[in-house]
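J.: Dropping a structure here in C-alpha cells format, bear with me for questions.
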Amino acid sequence: MCRKRFSVVFAAALAVILLAAEAQAYAYRPPEGREGAECMVRVAEVACLRLGNLINVTVANEAAMQAIRDAGLMGAFEGNVSLYEEGVKLLSEAKACLSSGDYDGAICNAMWAMEMFSKAFRGIMCILEQAGVGRGRLLEAQGLIVAAESALERIQRIEKILPEDATDAKKLLDQAASLLNKTEITQLLQQGKVSDVAHKLAEANKLINGAFKALKTKAEEKVPERMSRFCKNIGDRFRELIENMAGKGLNVAGFLKEHNMTAFQESLNQFVENLQRVKGYWKGLLPQLKELHQRFENFRKKATIAVQPKTQEGAPAIEVSVEKSAVKGPRGAETVRLRITVKNVGNATVQFPNSVYGVTIERREGSSWVLAYTPISAQVVVELKPGQAGRVEITLLKPQDGEYRVRVHGWSKINMTPVEATAEFSIP
C-alpha cells in the first residue's frame, strides 16, 4: 500500500479530482433531466482535464519518467494512462447522449468516466509515490496548473458581471489572463521553472483581486440609487393594493389600522430621505429596508386574501401510481426508471410546492419509512384542477434492493387543506 505523503500544494488538486469524482461516481441520488446531465458532464470534464494535465506534466518530466522506469513501474503507469483514455471515450459518449437528449445515458456515461478517472488518478499517485517523486516539484507543478485554471475560471466569472463602463477592472483582468497563458505556463513547468510560474500566479491573483475590488466599489456607488428605486417600487405596489381594496368595497382605513400599516407610506418616504442624507453609510440602513419589505409582503398576502371572492371549496383528493422498469447503463450498470402519475381525483384544485408535484421516494427500514431520494425540480407552485393528471420520470442509479414508496403532498388552493398520497413498489 502506498504511503500517503502528499504535499500541501497538491492537496487542493487531490480534493478537486479524486474526492469530487468519487462522490459523483457513487452518489445514490444523481440529479435528473437536462440540468442534471449537464452538471454531471461538466464535473467529468473538469476531472478529465486535470487528470490529463497530471499525465502530461509527468510525461514531460524526464527525471520523473526515469524514476518510474527505474522502479519497474512503467507498465503500471501505461495501464493507468489507458484507464484515463477509456474514461475520455466514455466522456465523449456522455456528450453525445447529452446532445441527442438521452439524459439518463449522459449521466451514466459521465459517472462511469469519472470512475475511470478516479482509478487512474489513484494508480498514478501510488506510482509516483513508489518511484520517489511524490513530494517533488512534479506535484507542485500539477498544483500550480490547478491553481492557474481556477484563477482563469474566476476571471471568466467576474467578466460575466462586468458593466460596460468598468474599463479599469477589465484592464486588470486582461493583464491577469495574459500572465496565465496555458501554453507559456506548461513550457515553463516542463523546463523546471516552477518558481517562475508561482510568481506569475501570485501576480495574476493580485490583479484579479484588484479588479474585483474596483468592481465592488463601482457597484456600491450605485446601491443608494437602487435602494431608492426599490422603495419606490414597494410604494407603487402598496398604493395599487389600496386602490384594489377600495374598488372591492373594503374598509381600507380599518384594514390598514388592523394590520398596523396606517403610516407605512410615510415610513418609506422617511427611509428614502435618510438614505440621501447618509450617502456612503447606507449599509446601516439595510436592516430597516429589510424590515419594511417584510412588512409589505406580509400585508400584501393578507390584502390578496381579503379581496378574493369567498368561494366554497370542494373536497381535495389525489392519487399516485408508479410504473417501474429496469434499464442497463454502461458496462451493465443497472438503473431503475420510475414513471409516476399524480392525478387530482377530488373536486377542488390542488397545488404542489414544486414542478415534480411534491414527489419524494422513501425506503422502508424496519417499521419506518425514511427519505431515499428527492428529485431536483424548479421551486415553483404548480396545480392540478379536478380530473387533471401530471407525470414525472425519475431514474435511480444502482438503488439498494428493498421496499419503496412514492409520496406526493400538496394542499387545496383556497382553504390550504393538506393532501397527500402514496404508492408502494419494490426493487428489484
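A note on labels: chains of the C-alpha cells are A, B, ... as shown, every chain counts residues from 1, and ligands are counted from 1 in their shown order.
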Could you tell me, as a PyMOL selection string, which residues of segment 258-392 of chain A DSSP assigns to strand (DSSP E or B) when given the backbone?

T.: chain A and resi 318-328+334-344+350-352+360-365+368-373+382-384+389-392

J.: Could you name the residues that touch segment 394-410 of chain A at 8 Å or less, counting only C-alpha atoms, but leaving out those on the same chain fewer than 5 positions away, as a ChimeraX atom specification?

T.: /A:28-30,32,104,320,322,333-340,342,350-353,357-364,375,418-428

J.: For the selection you just gave me, I'd like the residues written to a file as an mmCIF file, in the first residue's frame, keeping C-alpha atoms.

T.:
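The resulting file, part.cif, is shown below:
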```cif
data_model
loop_
_atom_site.group_PDB
_atom_site.id
_atom_site.type_symbol
_atom_site.label_atom_id
_atom_site.label_comp_id
_atom_site.auth_asym_id
_atom_site.auth_seq_id
_atom_site.Cartn_x
_atom_site.Cartn_y
_atom_site.Cartn_z
ATOM 1 C CA TYR A 28 -27.043 7.254 -4.817
ATOM 2 C CA ARG A 29 -29.074 10.334 -5.727
ATOM 3 C CA PRO A 30 -27.976 11.591 -9.169
ATOM 4 C CA GLU A 32 -32.394 14.305 -13.134
ATOM 5 C CA ASP A 104 -30.048 9.159 -18.499
ATOM 6 C CA VAL A 320 -50.448 8.491 -7.269
ATOM 7 C CA VAL A 322 -45.906 4.263 -10.314
ATOM 8 C CA ALA A 333 -24.779 -0.912 -14.549
ATOM 9 C CA GLU A 334 -28.421 -1.309 -13.588
ATOM 10 C CA THR A 335 -30.691 1.666 -13.161
ATOM 11 C CA VAL A 336 -34.378 1.749 -12.284
ATOM 12 C CA ARG A 337 -36.669 4.133 -14.127
ATOM 13 C CA LEU A 338 -39.883 5.244 -12.434
ATOM 14 C CA ARG A 339 -42.840 6.727 -14.312
ATOM 15 C CA ILE A 340 -45.013 8.442 -11.712
ATOM 16 C CA VAL A 342 -50.230 12.152 -9.996
ATOM 17 C CA VAL A 350 -54.730 21.137 -5.610
ATOM 18 C CA GLN A 351 -51.413 22.992 -5.545
ATOM 19 C CA PHE A 352 -47.949 21.473 -5.171
ATOM 20 C CA PRO A 353 -44.675 23.002 -3.898
ATOM 21 C CA TYR A 357 -45.742 17.686 -7.669
ATOM 22 C CA GLY A 358 -44.023 17.333 -4.294
ATOM 23 C CA VAL A 359 -42.758 13.830 -5.129
ATOM 24 C CA THR A 360 -40.255 12.113 -2.830
ATOM 25 C CA ILE A 361 -39.035 8.492 -2.740
ATOM 26 C CA GLU A 362 -38.927 6.708 0.630
ATOM 27 C CA ARG A 363 -37.394 3.344 1.584
ATOM 28 C CA ARG A 364 -38.666 1.044 4.324
ATOM 29 C CA PRO A 375 -35.631 14.767 -7.382
ATOM 30 C CA PRO A 418 -53.135 19.445 3.221
ATOM 31 C CA VAL A 419 -53.494 16.422 0.945
ATOM 32 C CA GLU A 420 -51.138 13.540 0.153
ATOM 33 C CA ALA A 421 -50.980 10.088 -1.442
ATOM 34 C CA THR A 422 -48.515 7.186 -1.616
ATOM 35 C CA ALA A 423 -47.814 4.213 -3.879
ATOM 36 C CA GLU A 424 -45.518 1.334 -2.893
ATOM 37 C CA PHE A 425 -43.115 -0.650 -5.101
ATOM 38 C CA SER A 426 -40.143 -2.928 -4.604
ATOM 39 C CA ILE A 427 -36.620 -3.232 -6.027
ATOM 40 C CA PRO A 428 -35.740 -5.478 -7.736
#
```

J.: My list of candidates is A:Lys95, A:Lys160, A:Arg391, A:Lys302. Which is closest to Leu241 of chain A when distances are computed with only C-alpha atoms?

T.: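 Among the listed residues, A:Lys302 lies closest to Leu241 of chain A.
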
J.: From a backbone DSSP assignment, name each residue in segment 269-348 of chain A labelled helix (DSSP H, G or I), as a PDB file with N, CA and C atoms, in the first residue's frame.

T.:
```pdb
ATOM      1  N   ASN A 269     -41.128  56.966   2.793  1.00  0.00           N
ATOM      2  CA  ASN A 269     -40.605  58.288   2.426  1.00  0.00           C
ATOM      3  C   ASN A 269     -39.477  58.713   3.357  1.00  0.00           C
ATOM      4  N   GLN A 270     -39.644  58.443   4.647  1.00  0.00           N
ATOM      5  CA  GLN A 270     -38.607  58.808   5.623  1.00  0.00           C
ATOM      6  C   GLN A 270     -37.325  58.017   5.381  1.00  0.00           C
ATOM      7  N   PHE A 271     -37.478  56.757   4.991  1.00  0.00           N
ATOM      8  CA  PHE A 271     -36.302  55.936   4.709  1.00  0.00           C
ATOM      9  C   PHE A 271     -35.512  56.520   3.536  1.00  0.00           C
ATOM     10  N   VAL A 272     -36.194  56.927   2.467  1.00  0.00           N
ATOM     11  CA  VAL A 272     -35.521  57.497   1.291  1.00  0.00           C
ATOM     12  C   VAL A 272     -34.798  58.782   1.674  1.00  0.00           C
ATOM     13  N   GLU A 273     -35.409  59.620   2.517  1.00  0.00           N
ATOM     14  CA  GLU A 273     -34.757  60.860   2.964  1.00  0.00           C
ATOM     15  C   GLU A 273     -33.490  60.544   3.754  1.00  0.00           C
ATOM     16  N   ASN A 274     -33.569  59.569   4.639  1.00  0.00           N
ATOM     17  CA  ASN A 274     -32.382  59.176   5.417  1.00  0.00           C
ATOM     18  C   ASN A 274     -31.288  58.634   4.510  1.00  0.00           C
ATOM     19  N   LEU A 275     -31.680  57.908   3.479  1.00  0.00           N
ATOM     20  CA  LEU A 275     -30.721  57.329   2.541  1.00  0.00           C
ATOM     21  C   LEU A 275     -29.959  58.425   1.806  1.00  0.00           C
ATOM     22  N   GLN A 276     -30.631  59.468   1.406  1.00  0.00           N
ATOM     23  CA  GLN A 276     -29.984  60.585   0.713  1.00  0.00           C
ATOM     24  C   GLN A 276     -29.086  61.374   1.653  1.00  0.00           C
ATOM     25  N   ARG A 277     -29.441  61.394   2.911  1.00  0.00           N
ATOM     26  CA  ARG A 277     -28.680  62.174   3.878  1.00  0.00           C
ATOM     27  C   ARG A 277     -27.375  61.481   4.288  1.00  0.00           C
ATOM     28  N   VAL A 278     -27.407  60.167   4.466  1.00  0.00           N
ATOM     29  CA  VAL A 278     -26.211  59.462   4.950  1.00  0.00           C
ATOM     30  C   VAL A 278     -25.234  59.142   3.828  1.00  0.00           C
ATOM     31  N   LYS A 279     -25.690  59.134   2.574  1.00  0.00           N
ATOM     32  CA  LYS A 279     -24.850  58.892   1.397  1.00  0.00           C
ATOM     33  C   LYS A 279     -24.075  57.587   1.510  1.00  0.00           C
ATOM     34  N   GLY A 280     -22.789  57.648   1.801  1.00  0.00           N
ATOM     35  CA  GLY A 280     -21.935  56.458   1.774  1.00  0.00           C
ATOM     36  C   GLY A 280     -22.149  55.500   2.923  1.00  0.00           C
ATOM     37  N   TYR A 281     -23.022  55.820   3.863  1.00  0.00           N
ATOM     38  CA  TYR A 281     -23.214  54.964   5.039  1.00  0.00           C
ATOM     39  C   TYR A 281     -24.533  54.199   4.951  1.00  0.00           C
ATOM     40  N   TRP A 282     -24.849  53.761   3.757  1.00  0.00           N
ATOM     41  CA  TRP A 282     -26.123  53.101   3.514  1.00  0.00           C
ATOM     42  C   TRP A 282     -26.224  51.713   4.141  1.00  0.00           C
ATOM     43  N   LYS A 283     -25.087  51.081   4.433  1.00  0.00           N
ATOM     44  CA  LYS A 283     -25.128  49.715   4.970  1.00  0.00           C
ATOM     45  C   LYS A 283     -25.893  49.643   6.289  1.00  0.00           C
ATOM     46  N   GLY A 284     -25.812  50.718   7.073  1.00  0.00           N
ATOM     47  CA  GLY A 284     -26.515  50.734   8.346  1.00  0.00           C
ATOM     48  C   GLY A 284     -28.026  50.756   8.200  1.00  0.00           C
ATOM     49  N   LEU A 285     -28.511  51.094   6.991  1.00  0.00           N
ATOM     50  CA  LEU A 285     -29.956  51.157   6.745  1.00  0.00           C
ATOM     51  C   LEU A 285     -30.519  49.862   6.167  1.00  0.00           C
ATOM     52  N   LEU A 286     -29.663  48.912   5.839  1.00  0.00           N
ATOM     53  CA  LEU A 286     -30.140  47.665   5.236  1.00  0.00           C
ATOM     54  C   LEU A 286     -31.136  46.908   6.128  1.00  0.00           C
ATOM     55  N   PRO A 287     -30.890  46.778   7.440  1.00  0.00           N
ATOM     56  CA  PRO A 287     -31.876  46.079   8.286  1.00  0.00           C
ATOM     57  C   PRO A 287     -33.245  46.757   8.254  1.00  0.00           C
ATOM     58  N   GLN A 288     -33.245  48.091   8.225  1.00  0.00           N
ATOM     59  CA  GLN A 288     -34.514  48.812   8.187  1.00  0.00           C
ATOM     60  C   GLN A 288     -35.242  48.561   6.873  1.00  0.00           C
ATOM     61  N   LEU A 289     -34.492  48.546   5.751  1.00  0.00           N
ATOM     62  CA  LEU A 289     -35.107  48.277   4.451  1.00  0.00           C
ATOM     63  C   LEU A 289     -35.673  46.860   4.419  1.00  0.00           C
ATOM     64  N   LYS A 290     -34.944  45.913   4.971  1.00  0.00           N
ATOM     65  CA  LYS A 290     -35.427  44.532   5.021  1.00  0.00           C
ATOM     66  C   LYS A 290     -36.712  44.440   5.827  1.00  0.00           C
ATOM     67  N   GLU A 291     -36.779  45.178   6.934  1.00  0.00           N
ATOM     68  CA  GLU A 291     -37.976  45.151   7.780  1.00  0.00           C
ATOM     69  C   GLU A 291     -39.173  45.766   7.058  1.00  0.00           C
ATOM     70  N   LEU A 292     -38.955  46.860   6.313  1.00  0.00           N
ATOM     71  CA  LEU A 292     -40.032  47.490   5.544  1.00  0.00           C
ATOM     72  C   LEU A 292     -40.559  46.546   4.458  1.00  0.00           C
ATOM     73  N   HIS A 293     -39.627  45.888   3.786  1.00  0.00           N
ATOM     74  CA  HIS A 293     -40.031  44.951   2.743  1.00  0.00           C
ATOM     75  C   HIS A 293     -40.831  43.793   3.314  1.00  0.00           C
ATOM     76  N   GLN A 294     -40.410  43.261   4.463  1.00  0.00           N
ATOM     77  CA  GLN A 294     -41.113  42.147   5.093  1.00  0.00           C
ATOM     78  C   GLN A 294     -42.517  42.571   5.529  1.00  0.00           C
ATOM     79  N   ARG A 295     -42.628  43.785   6.074  1.00  0.00           N
ATOM     80  CA  ARG A 295     -43.946  44.299   6.467  1.00  0.00           C
ATOM     81  C   ARG A 295     -44.878  44.372   5.257  1.00  0.00           C
ATOM     82  N   PHE A 296     -44.331  44.868   4.148  1.00  0.00           N
ATOM     83  CA  PHE A 296     -45.155  44.984   2.947  1.00  0.00           C
ATOM     84  C   PHE A 296     -45.598  43.614   2.446  1.00  0.00           C
ATOM     85  N   GLU A 297     -44.682  42.644   2.410  1.00  0.00           N
ATOM     86  CA  GLU A 297     -45.018  41.311   1.907  1.00  0.00           C
ATOM     87  C   GLU A 297     -46.091  40.654   2.770  1.00  0.00           C
ATOM     88  N   ASN A 298     -45.975  40.794   4.084  1.00  0.00           N
ATOM     89  CA  ASN A 298     -46.996  40.233   4.976  1.00  0.00           C
ATOM     90  C   ASN A 298     -48.354  40.870   4.720  1.00  0.00           C
ATOM     91  N   PHE A 299     -48.333  42.202   4.545  1.00  0.00           N
ATOM     92  CA  PHE A 299     -49.582  42.916   4.271  1.00  0.00           C
ATOM     93  C   PHE A 299     -50.151  42.514   2.912  1.00  0.00           C
ATOM     94  N   ARG A 300     -49.293  42.385   1.920  1.00  0.00           N
ATOM     95  CA  ARG A 300     -49.753  42.031   0.574  1.00  0.00           C
ATOM     96  C   ARG A 300     -50.487  40.695   0.581  1.00  0.00           C
ATOM     97  N   LYS A 301     -49.945  39.707   1.297  1.00  0.00           N
ATOM     98  CA  LYS A 301     -50.596  38.400   1.366  1.00  0.00           C
ATOM     99  C   LYS A 301     -51.979  38.496   2.001  1.00  0.00           C
ATOM    100  N   LYS A 302     -52.064  39.268   3.088  1.00  0.00           N
ATOM    101  CA  LYS A 302     -53.358  39.408   3.764  1.00  0.00           C
ATOM    102  C   LYS A 302     -54.350  40.179   2.895  1.00  0.00           C
ATOM    103  N   ALA A 303     -53.863  41.231   2.216  1.00  0.00           N
ATOM    104  CA  ALA A 303     -54.744  42.015   1.353  1.00  0.00           C
ATOM    105  C   ALA A 303     -55.230  41.182   0.170  1.00  0.00           C
ATOM    106  N   THR A 304     -54.369  40.333  -0.382  1.00  0.00           N
ATOM    107  CA  THR A 304     -54.748  39.487  -1.508  1.00  0.00           C
ATOM    108  C   THR A 304     -55.862  38.524  -1.117  1.00  0.00           C
ATOM    109  N   ILE A 305     -55.726  37.950   0.074  1.00  0.00           N
ATOM    110  CA  ILE A 305     -56.769  37.043   0.569  1.00  0.00           C
ATOM    111  C   ILE A 305     -58.075  37.801   0.794  1.00  0.00           C
ATOM    112  N   ALA A 306     -57.963  39.033   1.319  1.00  0.00           N
ATOM    113  CA  ALA A 306     -59.155  39.820   1.657  1.00  0.00           C
ATOM    114  C   ALA A 306     -59.994  40.170   0.435  1.00  0.00           C
ATOM    115  N   VAL A 307     -59.328  40.389  -0.717  1.00  0.00           N
ATOM    116  CA  VAL A 307     -60.078  40.800  -1.912  1.00  0.00           C
ATOM    117  C   VAL A 307     -60.544  39.621  -2.748  1.00  0.00           C
ATOM    118  N   PRO A 330     -24.035   1.865 -18.974  1.00  0.00           N
ATOM    119  CA  PRO A 330     -22.719   1.438 -19.448  1.00  0.00           C
ATOM    120  C   PRO A 330     -22.158   0.307 -18.586  1.00  0.00           C
ATOM    121  N   ARG A 331     -21.539  -0.687 -19.243  1.00  0.00           N
ATOM    122  CA  ARG A 331     -20.899  -1.813 -18.557  1.00  0.00           C
ATOM    123  C   ARG A 331     -21.898  -2.593 -17.695  1.00  0.00           C
ATOM    124  N   GLY A 332     -23.146  -2.556 -18.077  1.00  0.00           N
ATOM    125  CA  GLY A 332     -24.135  -3.362 -17.382  1.00  0.00           C
ATOM    126  C   GLY A 332     -24.641  -2.773 -16.087  1.00  0.00           C
TER     127      GLY A 332
END
```

J.: Between A:Leu152, A:Thr349, A:Glu365, A:Ala64, which has the minimum distance to Leu207 of chain A (counting only C-alpha atoms)?

T.: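 Going through A:Leu152, A:Thr349, A:Glu365, A:Ala64 one by one, the smallest distance to Leu207 of chain A is for A:Leu152.
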
J.: Tell me, as a list in words, which residues lie within 7 Å of segment 68-80 of chain A, counting only C-alpha atoms; anything in the same chain fewer than 5 positions away does not count.

T.: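 Residues meeting the cut-off are Ala120, Gly123, Ile124, Ile127 and Ala131 of chain A.
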
J.: Enter the distance from atom CA of Glu203 of chain A to atom CA of Asn53 of chain A, in Å, rounded to one decimal.

T.: 22.3 Å

J.: Could you tell me how far atom CA of Met111 of chain A sits from atom CA of Gly36 of chain A, in Å to one decimal place?

T.: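 That distance, rounded to one decimal, is 11.8 Å.
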
J.: Residues at most 12 Å from Glu45 of chain A, counting only C-alpha atoms, excluding those fewer than 5 positions away in the same chain, as an NGL selection string?

T.: :A and (17 or 20-21 or 38-40 or 50-52 or 87-92 or 94-95 or 109-111 or 113-114 or 117)

J.: Given the selection you just returned, output its residues as a file containing C-alpha atoms, formatted as a PDB file, in the first residue's frame.

T.:
```pdb
ATOM      1  CA  ILE A  17     -10.136  15.491  -8.792  1.00  0.00           C
ATOM      2  CA  ALA A  20     -15.275  15.124  -6.433  1.00  0.00           C
ATOM      3  CA  ALA A  21     -15.038  12.299  -8.953  1.00  0.00           C
ATOM      4  CA  GLU A  38     -25.183  18.915 -17.997  1.00  0.00           C
ATOM      5  CA  CYS A  39     -23.916  19.201 -14.415  1.00  0.00           C
ATOM      6  CA  MET A  40     -22.532  15.639 -14.407  1.00  0.00           C
ATOM      7  CA  ARG A  50      -6.956  17.899 -14.521  1.00  0.00           C
ATOM      8  CA  LEU A  51      -6.012  14.236 -14.723  1.00  0.00           C
ATOM      9  CA  GLY A  52      -4.809  14.861 -18.283  1.00  0.00           C
ATOM     10  CA  GLY A  87     -12.627   7.468 -19.414  1.00  0.00           C
ATOM     11  CA  VAL A  88     -12.151  10.006 -22.209  1.00  0.00           C
ATOM     12  CA  LYS A  89     -14.135   7.735 -24.561  1.00  0.00           C
ATOM     13  CA  LEU A  90     -16.938   7.383 -22.014  1.00  0.00           C
ATOM     14  CA  LEU A  91     -16.985  11.154 -21.599  1.00  0.00           C
ATOM     15  CA  SER A  92     -17.347  11.536 -25.366  1.00  0.00           C
ATOM     16  CA  ALA A  94     -21.824  11.150 -22.445  1.00  0.00           C
ATOM     17  CA  LYS A  95     -21.552  14.339 -24.531  1.00  0.00           C
ATOM     18  CA  ASN A 109     -21.603   7.535 -19.098  1.00  0.00           C
ATOM     19  CA  ALA A 110     -20.311  10.601 -17.232  1.00  0.00           C
ATOM     20  CA  MET A 111     -20.356   8.747 -13.920  1.00  0.00           C
ATOM     21  CA  ALA A 113     -15.974   8.155 -16.926  1.00  0.00           C
ATOM     22  CA  MET A 114     -15.382   9.703 -13.520  1.00  0.00           C
ATOM     23  CA  PHE A 117     -10.534   8.942 -13.904  1.00  0.00           C
TER      24      PHE A 117
END
```

J.: Can you pull out every residue within 7 Å of Ala317 of chain A, counting only C-alpha atoms, but drop anything in the same chain fewer than 6 positions away, and send it as a PyMOL selection string?

T.: chain A and resi 344-346+419

J.: Rounded to one decimal in Å, what is the spacing between atom CA of Ile234 of chain A and atom CA of Asn415 of chain A?

T.: 27.8 Å
